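Participant: Sharing run-v2.cif below, mmCIF, C-alpha atoms (C1' of nucleotides):
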data_input
#
loop_
_atom_site.label_atom_id
_atom_site.label_comp_id
_atom_site.auth_asym_id
_atom_site.auth_seq_id
_atom_site.Cartn_x
_atom_site.Cartn_y
_atom_site.Cartn_z
CA MET A 1 16.94 -26.43 -11.53
CA GLU A 2 13.78 -28.11 -12.70
CA HIS A 3 15.88 -29.79 -15.30
CA ASP A 4 14.68 -33.27 -14.39
CA ASP A 5 17.95 -35.05 -14.94
CA ARG A 6 16.36 -38.46 -14.76
CA PHE A 7 18.09 -40.85 -17.05
CA GLY A 8 14.92 -42.45 -18.31
CA ARG A 9 13.50 -39.09 -19.28
CA THR A 10 16.55 -38.22 -21.37
CA LEU A 11 16.38 -41.62 -22.99
CA ALA A 12 12.70 -41.28 -23.75
CA LEU A 13 13.06 -37.82 -25.27
CA ALA A 14 16.00 -38.86 -27.44
CA HIS A 15 14.05 -41.87 -28.63
CA LYS A 16 10.94 -39.85 -29.33
CA ALA A 17 12.77 -37.19 -31.33
CA MET A 18 14.72 -39.70 -33.37
CA HIS A 19 11.66 -41.84 -34.04
CA GLU A 20 9.69 -38.80 -35.14
CA CYS A 21 12.52 -37.66 -37.41
CA ILE A 22 12.88 -41.02 -39.16
CA ASP A 23 9.13 -41.42 -39.43
CA GLU A 24 8.88 -38.02 -41.08
CA ARG A 25 11.53 -38.85 -43.64
CA MET A 26 9.92 -42.17 -44.48
CA ALA A 27 6.49 -40.60 -44.68
CA GLU A 28 7.62 -38.82 -47.82
CA HIS A 29 7.79 -42.26 -49.42
CA GLY A 30 4.37 -43.21 -48.09
CA ALA A 31 5.85 -45.51 -45.46
CA SER A 32 6.48 -45.53 -41.73
CA LEU A 33 9.29 -46.73 -39.52
CA ALA A 34 7.18 -49.58 -38.19
CA THR A 35 6.25 -50.97 -41.58
CA TRP A 36 9.78 -50.57 -42.88
CA LEU A 37 11.12 -52.62 -39.98
CA VAL A 38 8.73 -55.41 -40.88
CA LEU A 39 9.72 -55.25 -44.52
CA HIS A 40 13.40 -55.09 -43.65
CA HIS A 41 13.42 -58.15 -41.42
CA ALA A 42 11.28 -60.05 -43.93
CA VAL A 43 13.85 -59.30 -46.64
CA GLU A 44 16.77 -60.29 -44.43
CA GLU A 45 15.26 -63.65 -43.52
CA PRO A 46 12.86 -64.87 -46.19
CA ASP A 47 10.05 -67.33 -45.50
CA LEU A 48 9.89 -66.74 -41.78
CA SER A 49 6.72 -67.68 -39.95
CA GLN A 50 4.82 -64.76 -38.49
CA SER A 51 5.63 -65.64 -34.91
CA HIS A 52 9.33 -65.88 -35.70
CA LEU A 53 9.20 -62.60 -37.58
CA ALA A 54 7.46 -60.98 -34.62
CA SER A 55 10.15 -62.18 -32.26
CA ARG A 56 12.86 -60.79 -34.57
CA LEU A 57 11.07 -57.46 -34.51
CA VAL A 58 10.55 -57.61 -30.75
CA ILE A 59 6.85 -56.95 -31.13
CA GLU A 60 3.86 -59.17 -30.42
CA ALA A 61 2.01 -61.22 -32.97
CA PRO A 62 -1.19 -59.13 -33.05
CA THR A 63 0.83 -56.00 -33.77
CA LEU A 64 2.56 -57.71 -36.65
CA VAL A 65 -0.72 -58.88 -38.15
CA ARG A 66 -1.86 -55.34 -38.83
CA HIS A 67 1.41 -54.34 -40.46
CA LEU A 68 1.32 -57.41 -42.65
CA ASP A 69 -2.28 -56.67 -43.61
CA LYS A 70 -1.23 -53.24 -44.82
CA LEU A 71 1.95 -54.37 -46.58
CA GLU A 72 0.12 -57.21 -48.27
CA ALA A 73 -2.67 -54.87 -49.39
CA ASP A 74 0.02 -52.60 -50.86
CA GLY A 75 1.44 -55.56 -52.78
CA LEU A 76 4.79 -55.44 -51.01
CA LEU A 77 4.67 -58.98 -49.63
CA GLN A 78 2.78 -62.25 -49.81
CA ARG A 79 1.43 -64.58 -47.14
CA THR A 80 1.30 -68.29 -47.90
CA ARG A 81 0.24 -71.13 -45.66
CA ASP A 82 2.92 -73.74 -45.05
CA ALA A 83 1.98 -77.05 -46.70
CA ARG A 84 3.60 -79.20 -44.04
CA ASP A 85 2.15 -77.38 -41.05
CA ARG A 86 -1.00 -75.63 -42.10
CA ARG A 87 -1.04 -73.49 -38.96
CA VAL A 88 1.98 -71.42 -39.94
CA VAL A 89 2.01 -68.63 -42.51
CA ARG A 90 5.22 -67.87 -44.39
CA VAL A 91 6.02 -64.28 -45.31
CA ARG A 92 7.72 -63.45 -48.60
CA VAL A 93 8.58 -60.01 -49.93
CA THR A 94 7.65 -59.22 -53.54
CA ASP A 95 9.93 -57.50 -56.04
CA ALA A 96 8.07 -54.24 -55.50
CA GLY A 97 8.53 -54.73 -51.77
CA ARG A 98 12.26 -55.19 -52.17
CA GLU A 99 12.52 -51.95 -54.12
CA VAL A 100 10.65 -49.99 -51.48
CA GLU A 101 12.68 -51.60 -48.71
CA ALA A 102 15.93 -50.56 -50.37
CA ARG A 103 14.84 -46.93 -50.58
CA LEU A 104 13.75 -46.89 -46.95
CA ARG A 105 16.91 -48.63 -45.81
CA ALA A 106 18.92 -45.86 -47.43
CA ILE A 107 17.01 -43.37 -45.28
CA ALA A 108 17.62 -45.42 -42.14
CA ASP A 109 21.31 -45.75 -42.89
CA GLU A 110 21.66 -42.05 -43.55
CA MET A 111 19.86 -41.16 -40.34
CA ASN A 112 22.03 -43.62 -38.50
CA ALA A 113 25.21 -42.06 -39.84
CA GLU A 114 24.03 -38.56 -38.95
CA VAL A 115 23.17 -39.54 -35.41
CA ARG A 116 26.45 -41.34 -34.99
CA ALA A 117 28.23 -38.20 -36.15
CA ALA A 118 26.19 -36.08 -33.75
CA VAL A 119 27.21 -38.32 -30.87
CA GLY A 120 30.84 -38.16 -31.88
CA GLU A 121 33.67 -40.41 -30.84
CA ASP A 122 31.79 -41.85 -27.86
CA HIS A 123 29.26 -43.67 -29.99
CA GLU A 124 30.58 -47.11 -29.14
CA ILE A 125 30.48 -46.36 -25.43
CA VAL A 126 26.95 -45.08 -25.75
CA GLN A 127 25.76 -48.03 -27.76
CA ARG A 128 27.20 -50.48 -25.26
CA ALA A 129 25.61 -48.54 -22.42
CA LEU A 130 22.23 -48.73 -24.14
CA GLU A 131 22.63 -52.46 -24.50
CA ARG A 132 23.42 -52.75 -20.81
CA ILE A 133 20.34 -50.72 -19.96
CA ARG A 134 18.23 -53.05 -22.00
CA GLU A 135 19.78 -56.11 -20.43
CA PHE A 136 19.17 -54.75 -16.98
CA ALA A 137 15.55 -53.85 -17.67
CA VAL A 138 14.78 -57.17 -19.32
CA ALA A 139 16.39 -59.06 -16.44
CA SER A 140 14.55 -56.99 -13.87
CA LEU A 141 11.27 -57.62 -15.61
CA ALA A 142 11.91 -61.35 -15.84
CA GLU A 143 12.78 -61.55 -12.17
CA ARG A 144 9.62 -59.69 -11.23
CA LYS A 145 7.56 -62.16 -13.21
CA ASN A 146 9.23 -65.04 -11.44
CA HIS A 147 8.31 -63.58 -8.08
CA VAL A 148 4.73 -63.25 -9.20
CA THR A 149 4.46 -66.80 -10.39
CA ALA A 150 6.20 -68.01 -7.24
CA SER A 151 3.86 -66.17 -4.91
CA MET B 1 26.03 -61.62 -37.52
CA GLU B 2 22.47 -60.47 -37.98
CA HIS B 3 22.99 -58.24 -34.99
CA ASP B 4 21.63 -55.12 -36.64
CA ASP B 5 23.98 -52.64 -35.01
CA ARG B 6 21.92 -49.63 -36.02
CA PHE B 7 22.08 -47.00 -33.37
CA GLY B 8 18.41 -46.17 -33.50
CA ARG B 9 17.50 -49.77 -33.00
CA THR B 10 19.62 -50.07 -29.88
CA LEU B 11 18.13 -46.86 -28.60
CA ALA B 12 14.59 -48.00 -29.28
CA LEU B 13 15.08 -51.36 -27.59
CA ALA B 14 16.66 -49.81 -24.51
CA HIS B 15 13.81 -47.34 -24.29
CA LYS B 16 11.18 -50.00 -24.75
CA ALA B 17 12.62 -52.30 -22.10
CA MET B 18 13.07 -49.52 -19.56
CA HIS B 19 9.59 -48.12 -20.21
CA GLU B 20 8.06 -51.55 -19.82
CA CYS B 21 9.97 -52.16 -16.60
CA ILE B 22 8.90 -48.90 -14.97
CA ASP B 23 5.34 -49.33 -16.18
CA GLU B 24 5.21 -52.77 -14.63
CA ARG B 25 6.46 -51.51 -11.26
CA MET B 26 3.97 -48.66 -11.25
CA ALA B 27 1.14 -50.94 -12.32
CA GLU B 28 1.36 -52.58 -8.90
CA HIS B 29 0.16 -49.26 -7.51
CA GLY B 30 -2.61 -49.00 -10.08
CA ALA B 31 -0.77 -46.33 -12.04
CA SER B 32 1.19 -46.00 -15.26
CA LEU B 33 4.31 -44.14 -16.27
CA ALA B 34 2.29 -41.73 -18.41
CA THR B 35 -0.13 -40.73 -15.68
CA TRP B 36 2.66 -40.42 -13.11
CA LEU B 37 4.52 -38.00 -15.36
CA VAL B 38 1.42 -35.82 -15.55
CA LEU B 39 0.98 -35.93 -11.80
CA HIS B 40 4.65 -35.26 -11.20
CA HIS B 41 4.87 -32.17 -13.39
CA ALA B 42 1.59 -30.89 -11.96
CA VAL B 43 3.04 -31.19 -8.45
CA GLU B 44 6.28 -29.50 -9.44
CA GLU B 45 4.54 -26.51 -11.00
CA PRO B 46 1.11 -25.93 -9.49
CA ASP B 47 -1.69 -24.10 -11.28
CA LEU B 48 -0.31 -24.55 -14.76
CA SER B 49 -2.68 -24.25 -17.68
CA GLN B 50 -3.21 -27.44 -19.63
CA SER B 51 -1.34 -26.26 -22.67
CA HIS B 52 1.66 -25.26 -20.56
CA LEU B 53 1.55 -28.56 -18.73
CA ALA B 54 1.44 -30.39 -22.05
CA SER B 55 4.51 -28.53 -23.27
CA ARG B 56 6.38 -29.41 -20.06
CA LEU B 57 5.50 -33.05 -20.65
CA VAL B 58 6.43 -32.86 -24.33
CA ILE B 59 3.08 -34.29 -25.35
CA GLU B 60 0.18 -32.73 -27.22
CA ALA B 61 -2.85 -31.21 -25.59
CA PRO B 62 -5.36 -33.89 -26.65
CA THR B 63 -3.14 -36.59 -25.15
CA LEU B 64 -3.02 -34.70 -21.88
CA VAL B 65 -6.79 -34.30 -21.74
CA ARG B 66 -7.34 -38.03 -21.44
CA HIS B 67 -4.80 -38.42 -18.66
CA LEU B 68 -6.36 -35.52 -16.78
CA ASP B 69 -9.81 -37.06 -17.21
CA LYS B 70 -8.59 -40.23 -15.55
CA LEU B 71 -6.62 -38.55 -12.78
CA GLU B 72 -9.52 -36.23 -12.00
CA ALA B 73 -11.94 -39.15 -11.93
CA ASP B 74 -9.60 -40.87 -9.47
CA GLY B 75 -9.65 -37.77 -7.29
CA LEU B 76 -5.94 -37.09 -7.66
CA LEU B 77 -6.30 -33.60 -9.13
CA GLN B 78 -8.78 -30.82 -9.81
CA ARG B 79 -9.48 -28.71 -12.88
CA THR B 80 -10.70 -25.16 -12.37
CA ARG B 81 -11.42 -22.53 -14.97
CA ASP B 82 -9.36 -19.40 -14.65
CA ALA B 83 -11.52 -16.42 -13.65
CA ARG B 84 -9.55 -13.85 -15.61
CA ASP B 85 -9.35 -15.84 -18.82
CA ARG B 86 -12.18 -18.32 -18.92
CA ARG B 87 -10.58 -20.26 -21.75
CA VAL B 88 -7.76 -21.64 -19.65
CA VAL B 89 -8.08 -24.46 -17.13
CA ARG B 90 -5.72 -24.59 -14.15
CA VAL B 91 -4.58 -27.96 -12.85
CA ARG B 92 -4.11 -28.51 -9.11
CA VAL B 93 -3.10 -31.76 -7.42
CA THR B 94 -5.13 -32.88 -4.39
CA ASP B 95 -3.64 -34.19 -1.15
CA ALA B 96 -4.43 -37.74 -2.22
CA GLY B 97 -2.71 -37.00 -5.52
CA ARG B 98 0.41 -35.77 -3.76
CA GLU B 99 0.59 -38.98 -1.74
CA VAL B 100 0.31 -41.17 -4.80
CA GLU B 101 2.84 -39.05 -6.65
CA ALA B 102 5.37 -39.43 -3.85
CA ARG B 103 5.08 -43.22 -3.92
CA LEU B 104 5.47 -43.33 -7.69
CA ARG B 105 8.38 -40.91 -7.62
CA ALA B 106 10.17 -43.25 -5.26
CA ILE B 107 9.79 -46.00 -7.85
CA ALA B 108 11.10 -43.73 -10.59
CA ASP B 109 14.06 -42.64 -8.52
CA GLU B 110 14.92 -46.21 -7.62
CA MET B 111 14.71 -47.32 -11.24
CA ASN B 112 16.84 -44.38 -12.21
CA ALA B 113 19.52 -45.28 -9.70
CA GLU B 114 19.54 -48.89 -10.80
CA VAL B 115 19.91 -47.97 -14.45
CA ARG B 116 22.64 -45.49 -13.66
CA ALA B 117 24.48 -48.23 -11.78
CA ALA B 118 24.00 -50.61 -14.68
CA VAL B 119 25.54 -48.08 -17.05
CA GLY B 120 28.46 -47.50 -14.72
CA GLU B 121 30.90 -44.64 -14.67
CA ASP B 122 30.04 -43.51 -18.20
CA HIS B 123 26.55 -42.38 -17.28
CA GLU B 124 27.31 -38.70 -17.73
CA ILE B 125 28.81 -39.28 -21.15
CA VAL B 126 25.78 -41.32 -22.14
CA GLN B 127 23.30 -38.77 -20.87
CA ARG B 128 25.02 -35.97 -22.74
CA ALA B 129 25.11 -38.09 -25.88
CA LEU B 130 21.38 -38.71 -25.60
CA GLU B 131 20.79 -34.99 -25.28
CA ARG B 132 22.86 -34.38 -28.40
CA ILE B 133 20.86 -36.99 -30.27
CA ARG B 134 17.66 -35.26 -29.31
CA GLU B 135 18.99 -31.87 -30.30
CA PHE B 136 20.08 -33.19 -33.66
CA ALA B 137 16.75 -34.87 -34.35
CA VAL B 138 14.71 -31.87 -33.29
CA ALA B 139 16.86 -29.55 -35.41
CA SER B 140 16.64 -31.87 -38.39
CA LEU B 141 12.88 -32.02 -38.06
CA ALA B 142 12.56 -28.25 -37.79
CA GLU B 143 14.72 -27.72 -40.84
CA ARG B 144 12.64 -30.19 -42.82
CA LYS B 145 9.48 -28.31 -41.91
CA ASN B 146 11.06 -25.04 -43.03
CA HIS B 147 11.85 -26.54 -46.41
CA VAL B 148 8.27 -27.68 -46.75
CA THR B 149 6.81 -24.31 -45.90
CA ALA B 150 9.36 -22.60 -48.16
CA SER B 151 8.57 -24.79 -51.15
"C1'" DC C 1 -6.33 -94.06 -32.60
"C1'" DA C 2 -8.27 -90.59 -30.01
"C1'" DC C 3 -8.65 -86.94 -27.08
"C1'" DG C 4 -6.54 -83.24 -24.29
"C1'" DA C 5 -2.73 -79.96 -24.62
"C1'" DA C 6 0.10 -76.95 -27.08
"C1'" DT C 7 0.90 -73.84 -31.10
"C1'" DC C 8 -0.21 -70.43 -34.76
"C1'" DG C 9 -2.66 -66.76 -36.55
"C1'" DT C 10 -6.38 -63.69 -35.89
"C1'" DT C 11 -10.00 -60.80 -33.56
"C1'" DT C 12 -11.31 -57.79 -29.95
"C1'" DG C 13 -10.54 -54.33 -26.75
"C1'" DT C 14 -7.35 -51.19 -24.25
"C1'" DC C 15 -3.53 -47.75 -23.66
"C1'" DC C 16 -0.89 -43.92 -25.30
"C1'" DG C 17 0.58 -41.04 -28.81
"C1'" DC C 18 -0.70 -37.97 -32.84
"C1'" DT C 19 -3.53 -34.66 -36.28
"C1'" DA C 20 -7.59 -32.32 -37.73
"C1'" DA C 21 -11.67 -30.24 -36.63
"C1'" DT C 22 -14.94 -27.97 -33.17
"C1'" DC C 23 -16.51 -24.88 -29.45
"C1'" DA C 24 -15.91 -21.04 -26.16
"C1'" DT C 25 -13.62 -17.27 -25.12
"C1'" DT C 26 -10.56 -13.44 -25.68
"C1'" DA C 27 -7.75 -10.10 -28.42
"C1'" DG C 28 -7.23 -6.82 -32.01
"C1'" DC C 29 -8.26 -3.85 -35.41
"C1'" DG C 30 -11.21 -1.25 -38.52
"C1'" DC D 1 -18.48 -0.94 -30.96
"C1'" DG D 2 -18.29 -5.04 -33.71
"C1'" DC D 3 -16.41 -8.49 -36.48
"C1'" DT D 4 -12.49 -11.32 -37.55
"C1'" DA D 5 -8.50 -13.65 -35.86
"C1'" DA D 6 -6.18 -16.13 -32.47
"C1'" DT D 7 -6.06 -19.05 -28.36
"C1'" DG D 8 -7.33 -22.89 -25.00
"C1'" DA D 9 -9.61 -27.08 -24.26
"C1'" DT D 10 -12.08 -30.72 -26.15
"C1'" DT D 11 -13.83 -34.36 -29.48
"C1'" DA D 12 -13.25 -37.59 -33.26
"C1'" DG D 13 -10.51 -40.59 -35.54
"C1'" DC D 14 -6.08 -42.91 -36.69
"C1'" DG D 15 -1.39 -45.46 -35.89
"C1'" DG D 16 1.22 -48.52 -33.15
"C1'" DA D 17 1.85 -51.19 -29.12
"C1'" DC D 18 -0.17 -54.62 -25.78
"C1'" DA D 19 -3.00 -58.71 -23.45
"C1'" DA D 20 -6.81 -61.85 -23.55
"C1'" DA D 21 -9.71 -64.86 -25.90
"C1'" DC D 22 -10.90 -67.58 -30.10
"C1'" DG D 23 -10.74 -70.97 -34.08
"C1'" DA D 24 -7.87 -74.02 -36.61
"C1'" DT D 25 -4.35 -77.24 -36.68
"C1'" DT D 26 -0.92 -80.35 -34.92
"C1'" DC D 27 1.37 -82.89 -31.11
"C1'" DG D 28 1.62 -86.30 -27.59
"C1'" DT D 29 0.31 -89.42 -24.56
"C1'" DG D 30 -2.79 -92.73 -22.87
#
In structure tokens, how does this file's structure come out?

Facilitator:
Amino acid sequence: MEHDDRFGRTLALAHKAMHECIDERMAEHGASLATWLVLHHAVEEPDLSQSHLASRLVIEAPTLVRHLDKLEADGLLQRTRDARDRRVVRVRVTDAGREVEARLRAIADEMNAEVRAAVGEDHEIVQRALERIREFAVASLAERKNHVTAS
Amino acid sequence: MEHDDRFGRTLALAHKAMHECIDERMAEHGASLATWLVLHHAVEEPDLSQSHLASRLVIEAPTLVRHLDKLEADGLLQRTRDARDRRVVRVRVTDAGREVEARLRAIADEMNAEVRAAVGEDHEIVQRALERIREFAVASLAERKNHVTAS
DNA sequence: CACGAATCGTTTGTCCGCTAATCATTAGCG
DNA sequence: CGCTAATGATTAGCGGACAAACGATTCGTG
């Protein structure tokens, strides 16, 4: 009783605990999960524009700006205006940034392996289920927006 | 390729999409997921102290204070100082608050059912897996803190 | 070619979460 | 008894997300 077996609640609590755990581990290296994600995607795809990088990260442009401000101030990446289209800013990770990213990625990979082990043999089922949840929610949201614009 | 099959990422994206979807539905009633959760737990267990309510919600006391400020200003609940221990504040939902809570709970239940359907027959497996993830992360975090205090 | 529309990055302001510090009150112990 | 310690709520301030509005630039169509 009182266990509140709502799916969304379980999902939220699992997410919160895992996020907190990773954040804590990365904090020992003076970083955070959010800034690592930026750094990671910027390493994976060099010279992205900020808007493209934001869409890879599934965050909005203003959120990205602050992370880039911090990472640039820490000397982990550089912002350069594109010569051909002077509106866009290209993001490039420095050597120091690549080193930090590698250390943080090791943490993320380790955490990932531990969680996968904790889940056990069902991890593929679970991962697919999570993807379906996301697809459903995104579709539901999109449909709602259509109704609004149609009204 | 480039699919980034990290478990934590999938979890985070599913959580984000579902949270956004529920928030959007509740926004049509002038509410948010966060404030509904407060209202809901306050209805379920009347006359809780704020610190106990916060622990039920798995948020910190200062976070709760702001939600209570808003809900009280909207006339959905009342705060009264306990006579026996004048430090504690007891939270009681008003009739208007109960009405709003019921409407929002209907939204939550509907969303829950839809997500469960989207997941399919594996929903129990998935829910248990999410609970294991949380347990692992919480345990890992606690152990880390022990090491810190022991050092 | 020129002017209105779209695009890109940024600023501003809000929401929700946290920690650290503060204030009132109560508990406990000398 | 009285003083210190602990407890409950609050305030202040920060991190990370968002939307809305703004300047700068480029596009596109007349």

Participant: For the structure shown, which residues end up in the PyMOL selection byres ((chain C) within 12 of (chain A))? Put them as an MDAnalysis selection string, please?

Facilitator: chainID C and resid 7:12 17:18

Participant: For the selection just defined, write its residues with C-alpha atoms (C1' of nucleotides) to a file, as a short mmCIF file (atom, residue, chain, number, x, y, z; two decimals), in the frame of the given file.

Facilitator:
data_model
loop_
_atom_site.label_atom_id
_atom_site.label_comp_id
_atom_site.auth_asym_id
_atom_site.auth_seq_id
_atom_site.Cartn_x
_atom_site.Cartn_y
_atom_site.Cartn_z
"C1'" DT C 7 0.90 -73.84 -31.10
"C1'" DC C 8 -0.21 -70.43 -34.76
"C1'" DG C 9 -2.66 -66.76 -36.55
"C1'" DT C 10 -6.38 -63.69 -35.89
"C1'" DT C 11 -10.00 -60.80 -33.56
"C1'" DT C 12 -11.31 -57.79 -29.95
"C1'" DG C 17 0.58 -41.04 -28.81
"C1'" DC C 18 -0.70 -37.97 -32.84
#

Participant: Given the point (-5.6, -95.6, -23.8) in the file's coordinates, find the residues that have an atom at most 9 Å from it, counting all atoms listed in the file, and give them as a list in words.

Facilitator: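 Nearby residues: DC1 and DA2 of chain C; DT29 and DG30 of chain D.
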
Participant: For this structure, which residues satisfy the selection - the PyMOL selection byres ((chain D) within 10 of (chain B)) - when it is evaluated on the file as given? I want them as a ChimeraX atom specification.

Facilitator: /D:7-11

Participant: Write to file, as a PDB file, in the frame of the given file, the residues of the selection just made, with C-alpha atoms (C1' of nucleotides).

Facilitator:
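Saved the output as selection.pdb:
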ATOM      1  C1'  DT D   7      -6.060 -19.050 -28.360  1.00  0.00           C
ATOM      2  C1'  DG D   8      -7.330 -22.890 -25.000  1.00  0.00           C
ATOM      3  C1'  DA D   9      -9.610 -27.080 -24.260  1.00  0.00           C
ATOM      4  C1'  DT D  10     -12.080 -30.720 -26.150  1.00  0.00           C
ATOM      5  C1'  DT D  11     -13.830 -34.360 -29.480  1.00  0.00           C
TER       6       DT D  11
END

Participant: To test your reading of the syntax: which residues would the PyMOL selection byres ((chain B) within 9 of (chain A)) return for the file shown? Reply as an mmCIF file with C-alpha atoms, keeping the file's coordinate frame.

Facilitator:
data_model
loop_
_atom_site.group_PDB
_atom_site.id
_atom_site.type_symbol
_atom_site.label_atom_id
_atom_site.label_comp_id
_atom_site.auth_asym_id
_atom_site.auth_seq_id
_atom_site.Cartn_x
_atom_site.Cartn_y
_atom_site.Cartn_z
ATOM 1 C CA GLU B 2 22.470 -60.470 -37.980
ATOM 2 C CA ASP B 5 23.980 -52.640 -35.010
ATOM 3 C CA ARG B 6 21.920 -49.630 -36.020
ATOM 4 C CA PHE B 7 22.080 -47.000 -33.370
ATOM 5 C CA GLY B 8 18.410 -46.170 -33.500
ATOM 6 C CA THR B 10 19.620 -50.070 -29.880
ATOM 7 C CA LEU B 11 18.130 -46.860 -28.600
ATOM 8 C CA ALA B 12 14.590 -48.000 -29.280
ATOM 9 C CA LEU B 13 15.080 -51.360 -27.590
ATOM 10 C CA ALA B 14 16.660 -49.810 -24.510
ATOM 11 C CA HIS B 15 13.810 -47.340 -24.290
ATOM 12 C CA LYS B 16 11.180 -50.000 -24.750
ATOM 13 C CA ALA B 17 12.620 -52.300 -22.100
ATOM 14 C CA MET B 18 13.070 -49.520 -19.560
ATOM 15 C CA HIS B 19 9.590 -48.120 -20.210
ATOM 16 C CA GLU B 20 8.060 -51.550 -19.820
ATOM 17 C CA CYS B 21 9.970 -52.160 -16.600
ATOM 18 C CA ILE B 22 8.900 -48.900 -14.970
ATOM 19 C CA GLU B 24 5.210 -52.770 -14.630
ATOM 20 C CA ARG B 25 6.460 -51.510 -11.260
ATOM 21 C CA GLU B 44 6.280 -29.500 -9.440
ATOM 22 C CA VAL B 58 6.430 -32.860 -24.330
ATOM 23 C CA ALA B 108 11.100 -43.730 -10.590
ATOM 24 C CA ASP B 109 14.060 -42.640 -8.520
ATOM 25 C CA MET B 111 14.710 -47.320 -11.240
ATOM 26 C CA ASN B 112 16.840 -44.380 -12.210
ATOM 27 C CA ALA B 113 19.520 -45.280 -9.700
ATOM 28 C CA GLU B 114 19.540 -48.890 -10.800
ATOM 29 C CA VAL B 115 19.910 -47.970 -14.450
ATOM 30 C CA ARG B 116 22.640 -45.490 -13.660
ATOM 31 C CA ALA B 118 24.000 -50.610 -14.680
ATOM 32 C CA VAL B 119 25.540 -48.080 -17.050
ATOM 33 C CA GLY B 120 28.460 -47.500 -14.720
ATOM 34 C CA ASP B 122 30.040 -43.510 -18.200
ATOM 35 C CA HIS B 123 26.550 -42.380 -17.280
ATOM 36 C CA ILE B 125 28.810 -39.280 -21.150
ATOM 37 C CA VAL B 126 25.780 -41.320 -22.140
ATOM 38 C CA GLN B 127 23.300 -38.770 -20.870
ATOM 39 C CA ARG B 128 25.020 -35.970 -22.740
ATOM 40 C CA ALA B 129 25.110 -38.090 -25.880
ATOM 41 C CA LEU B 130 21.380 -38.710 -25.600
ATOM 42 C CA GLU B 131 20.790 -34.990 -25.280
ATOM 43 C CA ARG B 132 22.860 -34.380 -28.400
ATOM 44 C CA ILE B 133 20.860 -36.990 -30.270
ATOM 45 C CA ARG B 134 17.660 -35.260 -29.310
ATOM 46 C CA GLU B 135 18.990 -31.870 -30.300
ATOM 47 C CA PHE B 136 20.080 -33.190 -33.660
ATOM 48 C CA ALA B 137 16.750 -34.870 -34.350
ATOM 49 C CA VAL B 138 14.710 -31.870 -33.290
ATOM 50 C CA SER B 140 16.640 -31.870 -38.390
ATOM 51 C CA LEU B 141 12.880 -32.020 -38.060
ATOM 52 C CA ARG B 144 12.640 -30.190 -42.820
#

Participant: What's the 10 Å shell around DC15 of chain C, counting all atoms listed in the file, without same-chain residues fewer than 2 positions away, as number ranges by chain?

Facilitator: B: 32, 34; C: 17; D: 17-18

Participant: Any chance you could export the current selection's C-alpha atoms (C1' of nucleotides) as a PDB file, in the frame of the given file?

Facilitator:
ATOM      1  CA  SER B  32       1.190 -46.000 -15.260  1.00  0.00           C
ATOM      2  CA  ALA B  34       2.290 -41.730 -18.410  1.00  0.00           C
TER       3      ALA B  34
ATOM      4  C1'  DG C  17       0.580 -41.040 -28.810  1.00  0.00           C
TER       5       DG C  17
ATOM      6  C1'  DA D  17       1.850 -51.190 -29.120  1.00  0.00           C
ATOM      7  C1'  DC D  18      -0.170 -54.620 -25.780  1.00  0.00           C
TER       8       DC D  18
END

Participant: In Å, how far is it from atom CA of Thr94 of chain A to atom CA of Leu77 of chain A?

Facilitator: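 Between atom CA of Thr94 of chain A and atom CA of Leu77 of chain A the gap works out to 4.9 Å.
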
Participant: Write out as a ChimeraX atom specification which residues come within 7 Å of Thr80 of chain A when counting only C-alpha atoms (C1' of nucleotides), dropping same-chain ones fewer than 2 positions away.

Facilitator: /A:78,82,89-91

Participant: Using all atoms listed in the file, find all polymer residues with an atom at most 9 Å away from the point (-6.6, -61.8, -26.1); report them as number ranges by chain.

Facilitator: C: 11-13; D: 19-22

Participant: Can you pull out every residue within 7 Å of Leu104 of chain B, counting all atoms listed in the file, but drop anything in the same chain fewer than 4 positions away, and send it as an MDAnalysis selection string?

Facilitator: chainID B and resid 26 36 100 108

Participant: Around all the atoms of segment 4-20 of chain D listed in the file, with 5 Å of room on each side, what axis-aligned box do you get, giving centre and edge lengths in Å to one decimal, as lines of an AutoDock Vina configuration file?

Facilitator:
center_x = -6.0
center_y = -36.6
center_z = -30.5
size_x = 25.7
size_y = 60.5
size_z = 24.1

Participant: Would you work out the distance separating atom CA of Val38 of chain B from atom CA of Leu68 of chain B, expressed in Å to one decimal?

Facilitator: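 Answer for the atom CA of Val38 of chain B to atom CA of Leu68 of chain B separation: 7.9 Å.
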
Participant: Do you have the atom CA of His67 of chain B-atom CA of Gly30 of chain B distance handy?

Facilitator: 13.8 Å

Participant: With all atoms listed in the file as the atoms that count, which of D:DG23, D:DA6, D:DC1, D:DG13 lies nearest to DA20 of chain C?

Facilitator: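 Answer, going by the shortest atom-to-atom distance: D:DG13.
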